[in-house]
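Shown below: target39.txt, with compact mmCIF, C-alpha atoms and all ligand atoms.
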```txt
# COMPACT_ATOMS: atom_id res chain seq x y z
CA MET Q 1 0.00 0.00 0.00
CA ILE Q 2 1.20 3.53 -0.84
CA LYS Q 3 0.55 6.26 1.71
CA ILE Q 4 0.07 9.88 0.72
CA GLY Q 5 0.40 13.03 2.83
CA ILE Q 6 -1.14 16.25 1.53
CA LEU Q 7 0.29 19.68 2.35
CA GLY Q 8 -2.73 21.97 1.93
CA VAL Q 9 -6.15 20.33 2.05
CA GLY Q 10 -8.15 23.04 0.23
CA THR Q 11 -10.30 22.71 -2.90
CA VAL Q 12 -7.77 20.57 -4.80
CA GLY Q 13 -6.53 18.59 -1.76
CA THR Q 14 -10.08 17.64 -0.84
CA SER Q 15 -10.73 16.49 -4.41
CA VAL Q 16 -7.52 14.40 -4.39
CA ALA Q 17 -8.64 12.59 -1.22
CA LYS Q 18 -12.17 12.06 -2.53
CA ILE Q 19 -11.13 10.81 -6.01
CA LEU Q 20 -8.60 8.40 -4.47
CA GLU Q 21 -11.49 6.99 -2.42
CA ASP Q 22 -14.25 7.09 -5.05
CA ASN Q 23 -12.12 5.71 -7.93
CA ALA Q 24 -9.97 3.43 -5.74
CA ASP Q 25 -10.61 0.33 -7.89
CA ILE Q 26 -9.51 1.77 -11.24
CA ILE Q 27 -6.61 3.67 -9.65
CA GLU Q 28 -5.36 0.51 -7.91
CA ALA Q 29 -5.67 -1.46 -11.15
CA ARG Q 30 -3.64 1.14 -13.02
CA ALA Q 31 -1.01 1.72 -10.34
CA GLY Q 32 -0.71 -1.91 -9.29
CA LYS Q 33 -0.98 -0.94 -5.62
CA LYS Q 34 -3.60 0.47 -3.29
CA ILE Q 35 -3.11 4.23 -2.71
CA VAL Q 36 -4.52 5.90 0.39
CA VAL Q 37 -4.25 9.36 1.89
CA LYS Q 38 -2.94 9.02 5.42
CA SER Q 39 -2.81 12.65 6.55
CA GLY Q 40 -3.22 16.23 5.49
CA VAL Q 41 -2.01 19.62 6.67
CA VAL Q 42 -4.27 22.67 7.01
CA LYS Q 43 -3.84 26.14 8.50
CA ASN Q 44 -7.26 26.24 10.16
CA LEU Q 45 -8.03 23.06 12.13
CA SER Q 46 -11.58 24.10 13.00
CA LYS Q 47 -12.87 24.00 9.38
CA ASP Q 48 -14.43 20.67 8.36
CA ARG Q 49 -12.82 19.34 5.13
CA GLY Q 50 -15.32 16.51 4.64
CA VAL Q 51 -12.60 13.86 4.26
CA SER Q 52 -11.70 11.00 6.59
CA ILE Q 53 -7.94 11.53 6.94
CA ILE Q 54 -5.73 12.60 9.83
CA ILE Q 55 -5.64 16.40 9.85
CA THR Q 56 -2.79 18.37 11.43
CA ASP Q 57 -1.55 21.95 11.28
CA ASN Q 58 2.12 20.94 11.44
CA PRO Q 59 3.61 20.20 7.99
CA LEU Q 60 6.46 18.23 9.61
CA ASP Q 61 3.87 15.64 10.76
CA VAL Q 62 3.66 14.74 7.05
CA VAL Q 63 7.12 15.53 5.73
CA ASP Q 64 8.91 13.66 8.54
CA ASP Q 65 6.42 10.80 8.83
CA PRO Q 66 8.32 7.59 7.89
CA GLU Q 67 5.05 5.94 6.78
CA ILE Q 68 4.37 8.54 4.07
CA ASP Q 69 5.66 7.51 0.63
CA ILE Q 70 4.51 10.46 -1.47
CA VAL Q 71 4.06 14.08 -0.35
CA VAL Q 72 1.51 16.08 -2.36
CA GLU Q 73 2.20 19.82 -2.09
CA LEU Q 74 -0.86 22.01 -2.69
CA MET Q 75 -0.11 24.91 -0.36
CA GLY Q 76 0.68 27.71 -2.81
CA GLY Q 77 3.32 30.33 -2.12
CA VAL Q 78 7.03 29.94 -2.69
CA ASP Q 79 9.34 30.00 0.34
CA GLU Q 80 7.53 27.71 2.78
CA PRO Q 81 6.67 25.02 0.18
CA TYR Q 82 10.24 25.20 -1.14
CA GLU Q 83 11.63 24.32 2.30
CA LEU Q 84 9.05 21.57 2.82
CA VAL Q 85 9.46 19.99 -0.63
CA LYS Q 86 13.23 20.10 -0.16
CA LYS Q 87 12.90 18.37 3.20
CA ALA Q 88 10.51 15.74 1.83
CA LEU Q 89 12.96 14.95 -1.01
CA GLN Q 90 15.88 14.84 1.43
CA ASN Q 91 13.79 12.39 3.48
CA GLY Q 92 13.61 10.22 0.34
CA LYS Q 93 9.92 10.85 -0.35
CA ALA Q 94 8.57 11.34 -3.85
CA VAL Q 95 6.78 14.67 -4.32
CA VAL Q 96 3.85 15.73 -6.46
CA THR Q 97 3.19 19.45 -6.64
CA ALA Q 98 0.61 21.66 -8.32
CA ASN Q 99 2.50 24.75 -7.24
CA LYS Q 100 3.49 26.72 -10.34
CA ALA Q 101 4.87 29.69 -8.38
CA LEU Q 102 7.26 27.36 -6.55
CA LEU Q 103 8.42 25.89 -9.86
CA ALA Q 104 8.67 29.25 -11.61
CA TYR Q 105 11.33 30.23 -9.08
CA HIS Q 106 12.94 26.97 -7.94
CA ARG Q 107 12.48 24.27 -10.60
CA TYR Q 108 16.19 23.91 -11.37
CA GLU Q 109 17.29 23.76 -7.71
CA LEU Q 110 14.53 21.27 -6.97
CA GLN Q 111 15.55 19.14 -9.93
CA THR Q 112 19.09 18.97 -8.52
CA ILE Q 113 17.86 18.17 -5.01
CA ALA Q 114 15.46 15.51 -6.32
CA GLY Q 115 18.07 13.65 -8.39
CA ASP Q 116 16.50 10.24 -8.98
CA ILE Q 117 13.62 10.77 -6.57
CA PRO Q 118 10.44 11.52 -8.53
CA LEU Q 119 9.24 15.12 -8.40
CA MET Q 120 6.23 15.55 -10.64
CA TYR Q 121 4.08 18.57 -11.44
CA GLU Q 122 1.48 17.82 -14.13
CA ALA Q 123 -1.17 19.79 -12.20
CA SER Q 124 0.95 22.92 -12.11
CA THR Q 125 0.14 23.87 -15.70
CA ALA Q 126 -3.25 24.01 -17.41
CA GLY Q 127 -5.08 22.12 -14.64
CA GLY Q 128 -6.39 18.79 -15.90
CA ILE Q 129 -4.72 18.92 -19.34
CA PRO Q 130 -1.73 16.54 -19.56
CA ILE Q 131 0.47 19.15 -21.24
CA ILE Q 132 3.57 18.44 -19.13
CA GLY Q 133 3.41 14.77 -20.08
CA ALA Q 134 2.84 15.68 -23.73
CA LEU Q 135 5.90 17.94 -23.88
CA ARG Q 136 8.14 15.87 -21.61
CA THR Q 137 7.37 12.53 -23.20
CA GLY Q 138 5.02 12.61 -26.17
CA LEU Q 139 6.93 15.26 -28.14
CA SER Q 140 10.46 14.37 -27.07
CA ALA Q 141 11.53 13.67 -30.69
CA ASN Q 142 10.90 17.28 -31.70
CA HIS Q 143 12.54 20.66 -31.61
CA ILE Q 144 9.71 22.85 -30.40
CA ASP Q 145 8.99 25.82 -32.68
CA SER Q 146 6.31 27.41 -30.52
CA ILE Q 147 3.88 27.01 -27.66
CA GLN Q 148 0.81 29.21 -27.48
CA GLY Q 149 -2.11 28.87 -25.18
CA ILE Q 150 -4.74 29.93 -22.74
CA MET Q 151 -3.06 29.06 -19.45
CA ASN Q 152 -5.22 30.83 -16.90
CA GLY Q 153 -8.79 29.63 -16.44
CA THR Q 154 -9.84 32.68 -14.41
CA CYS Q 155 -8.80 35.13 -17.15
CA ASN Q 156 -10.51 33.05 -19.82
CA TYR Q 157 -13.67 32.73 -17.74
CA MET Q 158 -13.73 36.49 -17.14
CA LEU Q 159 -13.00 37.44 -20.75
CA THR Q 160 -15.65 35.02 -22.04
CA LYS Q 161 -18.28 36.52 -19.75
CA MET Q 162 -17.21 40.09 -20.58
CA ILE Q 163 -17.29 39.42 -24.32
CA ASN Q 164 -20.36 37.19 -24.60
CA GLU Q 165 -22.53 38.67 -21.86
CA GLY Q 166 -21.13 42.16 -21.28
CA ALA Q 167 -20.48 41.14 -17.66
CA LYS Q 168 -18.82 43.63 -15.30
CA TYR Q 169 -15.18 42.97 -14.42
CA ASP Q 170 -15.54 43.10 -10.59
CA GLU Q 171 -18.65 40.92 -10.47
CA ILE Q 172 -17.15 38.27 -12.69
CA LEU Q 173 -13.88 38.23 -10.74
CA LYS Q 174 -15.87 37.60 -7.56
CA GLU Q 175 -17.73 34.77 -9.31
CA SER Q 176 -14.40 33.16 -10.38
CA GLN Q 177 -13.27 33.25 -6.76
CA GLU Q 178 -16.51 31.65 -5.56
CA LEU Q 179 -16.15 28.91 -8.18
CA GLY Q 180 -12.66 28.10 -6.85
CA TYR Q 181 -10.86 29.07 -10.10
CA ALA Q 182 -8.96 32.13 -8.90
CA GLU Q 183 -5.79 32.08 -6.82
CA ALA Q 184 -5.97 33.09 -3.14
CA ASP Q 185 -4.74 36.48 -4.35
CA PRO Q 186 -6.58 36.93 -7.69
CA THR Q 187 -4.14 39.60 -8.89
CA PHE Q 188 -1.94 36.60 -9.74
CA ASP Q 189 -4.59 35.59 -12.28
CA VAL Q 190 -5.72 38.92 -13.74
CA GLY Q 191 -2.20 40.38 -13.68
CA GLY Q 192 -0.84 37.49 -15.77
CA PHE Q 193 1.60 36.17 -13.14
CA ASP Q 194 -0.05 32.76 -12.80
CA ALA Q 195 0.11 32.21 -16.56
CA SER Q 196 3.74 33.39 -16.60
CA HIS Q 197 4.66 30.73 -14.04
CA LYS Q 198 3.08 28.06 -16.24
CA LEU Q 199 4.77 29.36 -19.39
CA LEU Q 200 8.17 29.27 -17.66
CA ILE Q 201 7.62 25.64 -16.68
CA LEU Q 202 6.71 24.71 -20.27
CA ALA Q 203 9.69 26.68 -21.62
CA SER Q 204 12.06 24.68 -19.43
CA ILE Q 205 10.80 21.40 -20.83
CA ALA Q 206 10.60 22.63 -24.43
CA TYR Q 207 13.81 24.68 -24.61
CA GLY Q 208 15.80 24.19 -21.41
CA ILE Q 209 15.36 27.93 -20.71
CA ASP Q 210 16.09 28.85 -17.08
CA ALA Q 211 14.29 32.17 -16.60
CA LYS Q 212 12.35 33.78 -13.76
CA PRO Q 213 9.05 35.69 -14.02
CA GLU Q 214 10.84 39.06 -13.78
CA ASP Q 215 12.83 38.20 -16.93
CA ILE Q 216 9.81 37.96 -19.23
CA LEU Q 217 7.02 40.18 -20.53
CA ILE Q 218 3.94 39.86 -18.31
CA ASP Q 219 0.66 41.74 -18.74
CA GLY Q 220 -2.83 40.95 -17.51
CA ILE Q 221 -6.42 41.72 -18.42
CA GLU Q 222 -7.07 44.58 -16.00
CA ASN Q 223 -7.29 47.33 -18.62
CA ILE Q 224 -9.65 45.67 -21.07
CA ASN Q 225 -13.03 47.32 -21.43
CA GLN Q 226 -16.18 46.99 -23.56
CA THR Q 227 -14.81 49.44 -26.17
CA ASP Q 228 -11.93 47.02 -26.84
CA VAL Q 229 -14.36 44.12 -26.98
CA GLU Q 230 -16.51 45.96 -29.56
CA PHE Q 231 -13.48 46.94 -31.64
CA ALA Q 232 -12.25 43.34 -31.61
CA LYS Q 233 -15.65 42.10 -32.81
CA GLU Q 234 -15.77 44.70 -35.56
CA PHE Q 235 -12.31 43.79 -36.84
CA GLY Q 236 -12.66 40.00 -36.62
CA TYR Q 237 -10.70 39.36 -33.43
CA GLU Q 238 -11.34 37.54 -30.18
CA ILE Q 239 -9.52 38.73 -27.05
CA LYS Q 240 -7.75 35.95 -25.14
CA HIS Q 241 -5.11 35.98 -22.42
CA LEU Q 242 -2.25 33.94 -23.88
CA GLY Q 243 1.10 32.54 -22.88
CA ILE Q 244 3.42 32.53 -25.89
CA ALA Q 245 6.82 30.88 -26.34
CA LYS Q 246 8.40 31.15 -29.78
CA LYS Q 247 11.75 30.24 -31.21
CA VAL Q 248 13.16 33.19 -33.12
CA GLY Q 249 16.55 32.26 -34.59
CA ASP Q 250 18.78 31.28 -31.68
CA ALA Q 251 16.53 32.94 -29.12
CA VAL Q 252 13.24 32.15 -27.46
CA GLU Q 253 10.69 34.83 -26.75
CA LEU Q 254 8.45 34.31 -23.73
CA ARG Q 255 5.47 36.52 -23.08
CA VAL Q 256 2.11 36.54 -21.38
CA HIS Q 257 -0.56 39.10 -22.21
CA ALA Q 258 -4.08 39.76 -23.42
CA THR Q 259 -4.04 39.17 -27.16
CA MET Q 260 -6.31 39.89 -30.09
CA ILE Q 261 -6.39 36.75 -32.24
CA PRO Q 262 -8.38 36.02 -35.40
CA VAL Q 263 -11.89 34.93 -34.45
CA GLU Q 264 -11.61 31.86 -36.71
CA SER Q 265 -8.52 30.43 -34.94
CA MET Q 266 -9.08 27.31 -32.81
CA ILE Q 267 -7.90 28.98 -29.59
CA ALA Q 268 -10.40 31.80 -30.12
CA LYS Q 269 -13.20 29.26 -29.67
CA VAL Q 270 -11.99 28.11 -26.24
CA ASP Q 271 -14.36 29.62 -23.70
CA GLY Q 272 -15.01 29.73 -19.97
CA VAL Q 273 -12.60 28.13 -17.54
CA MET Q 274 -11.21 25.89 -20.29
CA ASN Q 275 -7.52 26.08 -21.20
CA ALA Q 276 -5.99 25.12 -24.53
CA VAL Q 277 -2.39 24.90 -25.59
CA THR Q 278 -1.03 24.42 -29.11
CA VAL Q 279 2.49 23.15 -29.53
CA ILE Q 280 4.27 23.15 -32.88
CA GLY Q 281 7.06 20.59 -33.14
CA ASP Q 282 9.48 20.49 -36.09
CA ARG Q 283 8.48 16.91 -36.93
CA VAL Q 284 4.99 16.41 -35.59
CA GLY Q 285 3.63 19.78 -36.79
CA GLU Q 286 0.84 21.42 -34.83
CA THR Q 287 -0.74 19.62 -31.86
CA MET Q 288 -3.43 20.97 -29.56
CA TYR Q 289 -4.43 20.14 -25.99
CA TYR Q 290 -7.74 21.23 -24.47
CA GLY Q 291 -9.47 20.83 -21.11
CA ALA Q 292 -10.42 22.33 -17.78
CA GLY Q 293 -7.61 24.58 -16.58
CA ALA Q 294 -8.78 25.09 -13.02
CA GLY Q 295 -11.15 23.65 -10.44
CA GLY Q 296 -10.81 20.98 -7.77
CA ASP Q 297 -11.51 17.74 -9.64
CA ALA Q 298 -9.72 18.68 -12.89
CA THR Q 299 -6.55 19.67 -11.04
CA ALA Q 300 -6.79 16.65 -8.73
CA SER Q 301 -7.06 14.43 -11.81
CA ALA Q 302 -3.57 15.63 -12.86
CA VAL Q 303 -2.19 15.23 -9.31
CA ILE Q 304 -3.40 11.63 -9.18
CA ALA Q 305 -2.01 10.89 -12.65
CA ASP Q 306 1.43 11.81 -11.27
CA ILE Q 307 0.89 9.65 -8.17
CA VAL Q 308 -0.08 6.68 -10.34
CA ASP Q 309 2.96 7.23 -12.57
CA ILE Q 310 5.29 7.32 -9.56
CA VAL Q 311 3.76 4.15 -8.10
CA ARG Q 312 4.19 2.41 -11.47
CA GLY Q 313 7.87 3.31 -11.36
CA ASN Q 314 7.95 5.92 -14.11
CA GLN Q 315 10.58 8.35 -12.98
CA GLY Q 316 12.89 10.08 -15.39
CA PRO Q 317 14.41 13.52 -14.97
CA MET Q 318 12.08 16.19 -13.67
CA LEU Q 319 12.40 18.62 -16.60
CA GLY Q 320 12.92 15.89 -19.17
CA TYR Q 321 16.66 16.09 -19.91
CA LYS Q 322 18.95 13.22 -18.90
CA LYS Q 323 22.02 15.29 -19.71
CA GLY Q 324 22.72 18.99 -20.14
CA LEU Q 325 21.12 20.60 -23.18
CA GLU Q 326 23.53 22.58 -25.31
CA SER Q 327 21.01 24.02 -27.72
CA GLY Q 328 22.55 27.51 -27.64
CA LEU Q 329 19.05 28.95 -27.21
CA THR Q 330 18.85 32.08 -25.06
CA LEU Q 331 15.96 34.13 -23.78
CA LEU Q 332 15.11 37.00 -26.16
CA ASP Q 333 15.15 40.30 -24.30
CA LYS Q 334 11.55 41.46 -23.87
CA SER Q 335 12.31 44.81 -25.53
CA GLU Q 336 13.23 42.94 -28.74
CA ILE Q 337 9.88 41.19 -29.14
CA THR Q 338 8.04 42.17 -32.32
CA THR Q 339 4.30 41.99 -32.86
CA GLN Q 340 1.25 44.04 -33.90
CA TYR Q 341 -0.58 46.30 -31.49
CA TYR Q 342 -4.02 47.77 -30.82
CA LEU Q 343 -4.16 51.15 -29.06
CA ARG Q 344 -7.02 53.03 -27.42
CA LEU Q 345 -6.62 56.78 -26.77
CA GLN Q 346 -8.88 59.61 -25.60
CA VAL Q 347 -8.14 62.70 -27.64
CA ASP Q 348 -9.34 66.22 -28.44
CA ASP Q 349 -11.86 65.96 -31.26
CA LYS Q 350 -10.38 68.72 -33.42
CA SER Q 351 -8.52 69.11 -36.68
CA GLY Q 352 -4.87 68.16 -36.79
CA VAL Q 353 -4.96 65.71 -33.86
CA LEU Q 354 -4.98 62.58 -35.99
CA ALA Q 355 -2.06 63.91 -38.05
CA THR Q 356 -0.10 64.72 -34.86
CA ILE Q 357 -0.65 61.20 -33.52
CA SER Q 358 0.28 59.38 -36.72
CA SER Q 359 3.36 61.56 -37.14
CA LYS Q 360 4.40 60.86 -33.50
CA LEU Q 361 4.05 57.13 -34.16
CA GLY Q 362 6.10 57.56 -37.34
CA GLU Q 363 8.96 58.95 -35.21
CA PHE Q 364 9.15 55.48 -33.63
CA ASP Q 365 8.89 53.61 -36.96
CA ILE Q 366 5.33 52.57 -36.19
CA SER Q 367 2.79 52.57 -38.99
CA ILE Q 368 -0.98 52.40 -38.58
CA GLU Q 369 -2.86 49.45 -40.09
CA ALA Q 370 -6.53 50.27 -39.29
CA MET Q 371 -8.31 53.06 -37.42
CA LEU Q 372 -11.69 53.79 -35.86
CA GLN Q 373 -12.93 56.96 -34.18
CA LYS Q 374 -15.76 56.84 -31.64
CA PRO Q 375 -17.53 59.71 -29.87
CA THR Q 376 -17.51 59.77 -26.04
CA LYS Q 377 -20.08 61.14 -23.63
CA GLU Q 378 -17.90 64.22 -23.23
CA LYS Q 379 -18.29 66.89 -25.89
CA ASN Q 380 -15.17 67.47 -28.01
CA ILE Q 381 -13.43 64.30 -26.79
CA SER Q 382 -13.19 61.23 -29.00
CA GLN Q 383 -11.80 57.78 -28.65
CA LEU Q 384 -9.26 56.71 -31.24
CA LEU Q 385 -8.81 52.99 -31.69
CA PHE Q 386 -6.22 51.67 -34.05
CA THR Q 387 -4.04 48.72 -34.94
CA THR Q 388 -0.44 48.94 -36.10
CA HIS Q 389 1.74 46.94 -38.42
CA ILE Q 390 4.47 44.80 -36.81
CA CYS Q 391 6.90 46.81 -34.69
CA LYS Q 392 9.27 46.34 -31.78
CA GLU Q 393 8.04 46.23 -28.18
CA ASN Q 394 10.53 48.85 -26.97
CA LYS Q 395 9.50 51.26 -29.77
CA MET Q 396 5.86 50.78 -28.86
CA GLN Q 397 6.52 51.42 -25.15
CA GLU Q 398 8.44 54.60 -26.00
CA ALA Q 399 5.74 55.73 -28.43
CA ILE Q 400 3.00 55.25 -25.82
CA LYS Q 401 4.93 57.44 -23.36
CA ALA Q 402 5.45 60.11 -26.01
CA LEU Q 403 1.77 60.03 -27.02
CA GLU Q 404 0.65 60.33 -23.40
CA GLU Q 405 2.69 63.53 -23.13
CA LEU Q 406 0.81 65.18 -26.01
CA GLU Q 407 -1.58 67.95 -24.94
CA SER Q 408 -4.34 66.54 -27.14
CA VAL Q 409 -4.22 63.08 -25.50
CA TYR Q 410 -6.05 62.48 -22.19
CA GLY Q 411 -5.19 59.88 -19.55
CA ASP Q 412 -3.43 56.57 -20.06
CA ILE Q 413 -3.35 54.77 -23.38
CA ALA Q 414 -4.61 51.17 -23.38
CA MET Q 415 -2.72 48.64 -25.49
CA ILE Q 416 -3.43 45.04 -26.53
CA ARG Q 417 -0.99 42.98 -28.57
CA ILE Q 418 -2.21 41.19 -31.71
CA GLU Q 419 -1.13 37.74 -32.99
CA LYS Q 420 -2.30 36.60 -36.40
N1 LIG B 501 -6.00 30.26 -10.82
C1 LIG B 501 -5.60 29.31 -11.79
C2 LIG B 501 -6.40 29.54 -13.05
C3 LIG B 501 -5.83 27.92 -11.25
O1 LIG B 501 -7.38 30.29 -13.02
O2 LIG B 501 -6.05 29.00 -14.09
C4 LIG B 501 -5.17 26.85 -12.05
O3 LIG B 501 -3.78 26.98 -12.08
```
Let me see whether you can do it: turn the structure in this file into structure tokens.
Amino acid sequence: MIKIGILGVGTVGTSVAKILEDNADIIEARAGKKIVVKSGVVKNLSKDRGVSIIITDNPLDVVDDPEIDIVVELMGGVDEPYELVKKALQNGKAVVTANKALLAYHRYELQTIAGDIPLMYEASTAGGIPIIGALRTGLSANHIDSIQGIMNGTCNYMLTKMINEGAKYDEILKESQELGYAEADPTFDVGGFDASHKLLILASIAYGIDAKPEDILIDGIENINQTDVEFAKEFGYEIKHLGIAKKVGDAVELRVHATMIPVESMIAKVDGVMNAVTVIGDRVGETMYYGAGAGGDATASAVIADIVDIVRGNQGPMLGYKKGLESGLTLLDKSEITTQYYLRLQVDDKSGVLATISSKLGEFDISIEAMLQKPTKEKNISQLLFTTHICKENKMQEAIKALEELESVYGDIAMIRIEK
């Protein structure tokens, strides 16, 4: 019999315990051994978790328990889980974690500490979708050209409701929290940080890139409003929050942001809490993975898949490389990224303003692709919405600053990147 200890018996931890009980027969048949949860750690002992396991508030009761074979880490955060996972590995216990923030910062150290002890993390990225397994194993014959996907269920749920139902941002964020999709601190979701953690994990498996969140371009969905949604509809785009990894020559660009994508693309049709990731390999071509990206049972399904794999004896190196990778690939500096942009500005509705704006953009080598002018409730103030041809990220950032300094431009300029 294999005994599990769970650090963090919240929504996902409870689902793990319940699924291991409810589906015990099929799980035992697949793993070859009975798997039971012995104990779990919580912060608040007075709250009933509805599961029949030993509950403690001391993580060392699990990590140092000689009877526990596999520690499942579902606490969230970085520093405390890092110390506990390290200790569990040093105690010779296999570890399964769903903690993407932990891996975004410490995956390479943890890989070294783990050595031959299994440390698995399928649930860390895209919830129930087996994208880690696909990249680590299924696509191991390929050089990966690109990865692009919806990696945060909360953002996708919110954008879907805003676009399809005109829902208000604050109300829909609250709903995502009630449904158990959002992180304890939802700014991790809407600010793009959660998706950036997942993208970094995928980039390590695909390219061997060792980067931290602060090294890559991260934007969220906080500034999107109904005007952007209407513009997108009018011009044939859907707005999605995407994680993008792309090989560009000898470099890899990594970025996470709200993106206008053609409405007919497959990812544009992925709605609600669902995630979808497309991976292009040099031999296999395009592959796509789709499923629930958040929620107790979907995430627990991935946690248990890792447990079953460990019990079966499937180990292998954590990030998928048995020896050092000398691909020569480096992280492309975020200022060097090139793409198309959509801009929204509030301007004086008078002659010469449009010419001033397009000439200012010209100073930064930015040319306009399409333009729309909309009246506002305020007399003599208009909204200008336009898309640009491909230009460099640093030029766009400089141009936005310069435009915001113009007397005829009011307030901050909103920007959404476009991928075709
Ligand atoms: N808050 C995350 C999301 C949970 O919304 O995708 C799954 O990682």
Would you mind listing the residues within 10 Å of ligand LIG 501 (chain B), counting all atoms listed in the file, as a PDB file with C-alpha atoms, in the coordinates of the input?
```
ATOM      1  CA  VAL Q  12      -7.770  20.570  -4.800  1.00  0.00           C
ATOM      2  CA  ALA Q  98       0.610  21.660  -8.320  1.00  0.00           C
ATOM      3  CA  ASN Q  99       2.500  24.750  -7.240  1.00  0.00           C
ATOM      4  CA  LYS Q 100       3.490  26.720 -10.340  1.00  0.00           C
ATOM      5  CA  ALA Q 101       4.870  29.690  -8.380  1.00  0.00           C
ATOM      6  CA  ALA Q 123      -1.170  19.790 -12.200  1.00  0.00           C
ATOM      7  CA  SER Q 124       0.950  22.920 -12.110  1.00  0.00           C
ATOM      8  CA  THR Q 125       0.140  23.870 -15.700  1.00  0.00           C
ATOM      9  CA  ALA Q 126      -3.250  24.010 -17.410  1.00  0.00           C
ATOM     10  CA  GLY Q 127      -5.080  22.120 -14.640  1.00  0.00           C
ATOM     11  CA  GLY Q 128      -6.390  18.790 -15.900  1.00  0.00           C
ATOM     12  CA  ILE Q 150      -4.740  29.930 -22.740  1.00  0.00           C
ATOM     13  CA  MET Q 151      -3.060  29.060 -19.450  1.00  0.00           C
ATOM     14  CA  ASN Q 152      -5.220  30.830 -16.900  1.00  0.00           C
ATOM     15  CA  GLY Q 153      -8.790  29.630 -16.440  1.00  0.00           C
ATOM     16  CA  THR Q 154      -9.840  32.680 -14.410  1.00  0.00           C
ATOM     17  CA  CYS Q 155      -8.800  35.130 -17.150  1.00  0.00           C
ATOM     18  CA  ASN Q 156     -10.510  33.050 -19.820  1.00  0.00           C
ATOM     19  CA  TYR Q 157     -13.670  32.730 -17.740  1.00  0.00           C
ATOM     20  CA  MET Q 158     -13.730  36.490 -17.140  1.00  0.00           C
ATOM     21  CA  SER Q 176     -14.400  33.160 -10.380  1.00  0.00           C
ATOM     22  CA  GLN Q 177     -13.270  33.250  -6.760  1.00  0.00           C
ATOM     23  CA  GLY Q 180     -12.660  28.100  -6.850  1.00  0.00           C
ATOM     24  CA  TYR Q 181     -10.860  29.070 -10.100  1.00  0.00           C
ATOM     25  CA  ALA Q 182      -8.960  32.130  -8.900  1.00  0.00           C
ATOM     26  CA  GLU Q 183      -5.790  32.080  -6.820  1.00  0.00           C
ATOM     27  CA  ALA Q 184      -5.970  33.090  -3.140  1.00  0.00           C
ATOM     28  CA  ASP Q 185      -4.740  36.480  -4.350  1.00  0.00           C
ATOM     29  CA  PRO Q 186      -6.580  36.930  -7.690  1.00  0.00           C
ATOM     30  CA  THR Q 187      -4.140  39.600  -8.890  1.00  0.00           C
ATOM     31  CA  PHE Q 188      -1.940  36.600  -9.740  1.00  0.00           C
ATOM     32  CA  ASP Q 189      -4.590  35.590 -12.280  1.00  0.00           C
ATOM     33  CA  VAL Q 190      -5.720  38.920 -13.740  1.00  0.00           C
ATOM     34  CA  PHE Q 193       1.600  36.170 -13.140  1.00  0.00           C
ATOM     35  CA  ASP Q 194      -0.050  32.760 -12.800  1.00  0.00           C
ATOM     36  CA  ALA Q 195       0.110  32.210 -16.560  1.00  0.00           C
ATOM     37  CA  HIS Q 197       4.660  30.730 -14.040  1.00  0.00           C
ATOM     38  CA  LYS Q 198       3.080  28.060 -16.240  1.00  0.00           C
ATOM     39  CA  VAL Q 273     -12.600  28.130 -17.540  1.00  0.00           C
ATOM     40  CA  MET Q 274     -11.210  25.890 -20.290  1.00  0.00           C
ATOM     41  CA  ASN Q 275      -7.520  26.080 -21.200  1.00  0.00           C
ATOM     42  CA  ALA Q 292     -10.420  22.330 -17.780  1.00  0.00           C
ATOM     43  CA  GLY Q 293      -7.610  24.580 -16.580  1.00  0.00           C
ATOM     44  CA  ALA Q 294      -8.780  25.090 -13.020  1.00  0.00           C
ATOM     45  CA  GLY Q 295     -11.150  23.650 -10.440  1.00  0.00           C
ATOM     46  CA  GLY Q 296     -10.810  20.980  -7.770  1.00  0.00           C
ATOM     47  CA  ALA Q 298      -9.720  18.680 -12.890  1.00  0.00           C
ATOM     48  CA  THR Q 299      -6.550  19.670 -11.040  1.00  0.00           C
TER      49      THR Q 299
END
```
(message) Just checking: using all atoms listed in the file, which residue out of Q:Glu404, Q:Glu393, Q:Glu80, Q:Asp64 ends up closest to Q:Gln346?
(response)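 Answer, going by the shortest atom-to-atom distance: Q:Glu404.
Counting from atom CA of Q:Ile129, the distance to atom CA of Q:Tyr237 is 25.5 Å.
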(request) One decimal, Å: what's the distance from atom CA of Q:Ile221 over to atom CA of Q:Leu242, could you say? (result)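 Atom CA of Q:Ile221 sits 10.4 Å away from atom CA of Q:Leu242.
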(message) For a test of reading the model, state the distance in Å between atom CA of Q:Tyr82 and atom CA of Q:His106, rounded to one decimal.
(response)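 These atoms are spaced 7.5 Å apart.
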(message) Counting all atoms listed in the file, which residue out of Q:Ile216, Q:Val284, Q:Ile35, Q:Met260 sits closest to Q:Ala141?
(response)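 The closest residue to Q:Ala141 is Q:Val284.
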(request) Write out as a list in words the residues lying within 12 Å of Q:Leu354, counting all atoms listed in the file and excluding same-chain residues fewer than 3 positions away. (result)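 The filter keeps Leu345, Gln346, Val347, Asp348, Asp349, Lys350, Ser351, Ile357, Ser358, Ser359, Lys360, Leu361, Ile368, Met371, Leu372, Gln373, Ser382, Gln383, Leu384, Leu385, Phe386, Leu403, Leu406, Ser408 and Val409 of chain Q.
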(request) Compile the contact shell of stretch 397-402 of chain Q as a PyMOL selection string: residues with an atom at most 12 Å away, counting only C-alpha atoms, same-chain residues fewer than 3 positions apart removed. (result) chain Q and resi 334-338+341-345+356-367+388+391-394+405-409+411-417
(request) Tell me, as an MDAnalysis selection string, which residues lie within 10 Å of stretch 46-50 of chain Q, counting all atoms listed in the file; anything in the same chain fewer than 6 positions away does not count. (result) chainID Q and resid 9:11 13:14 17:18
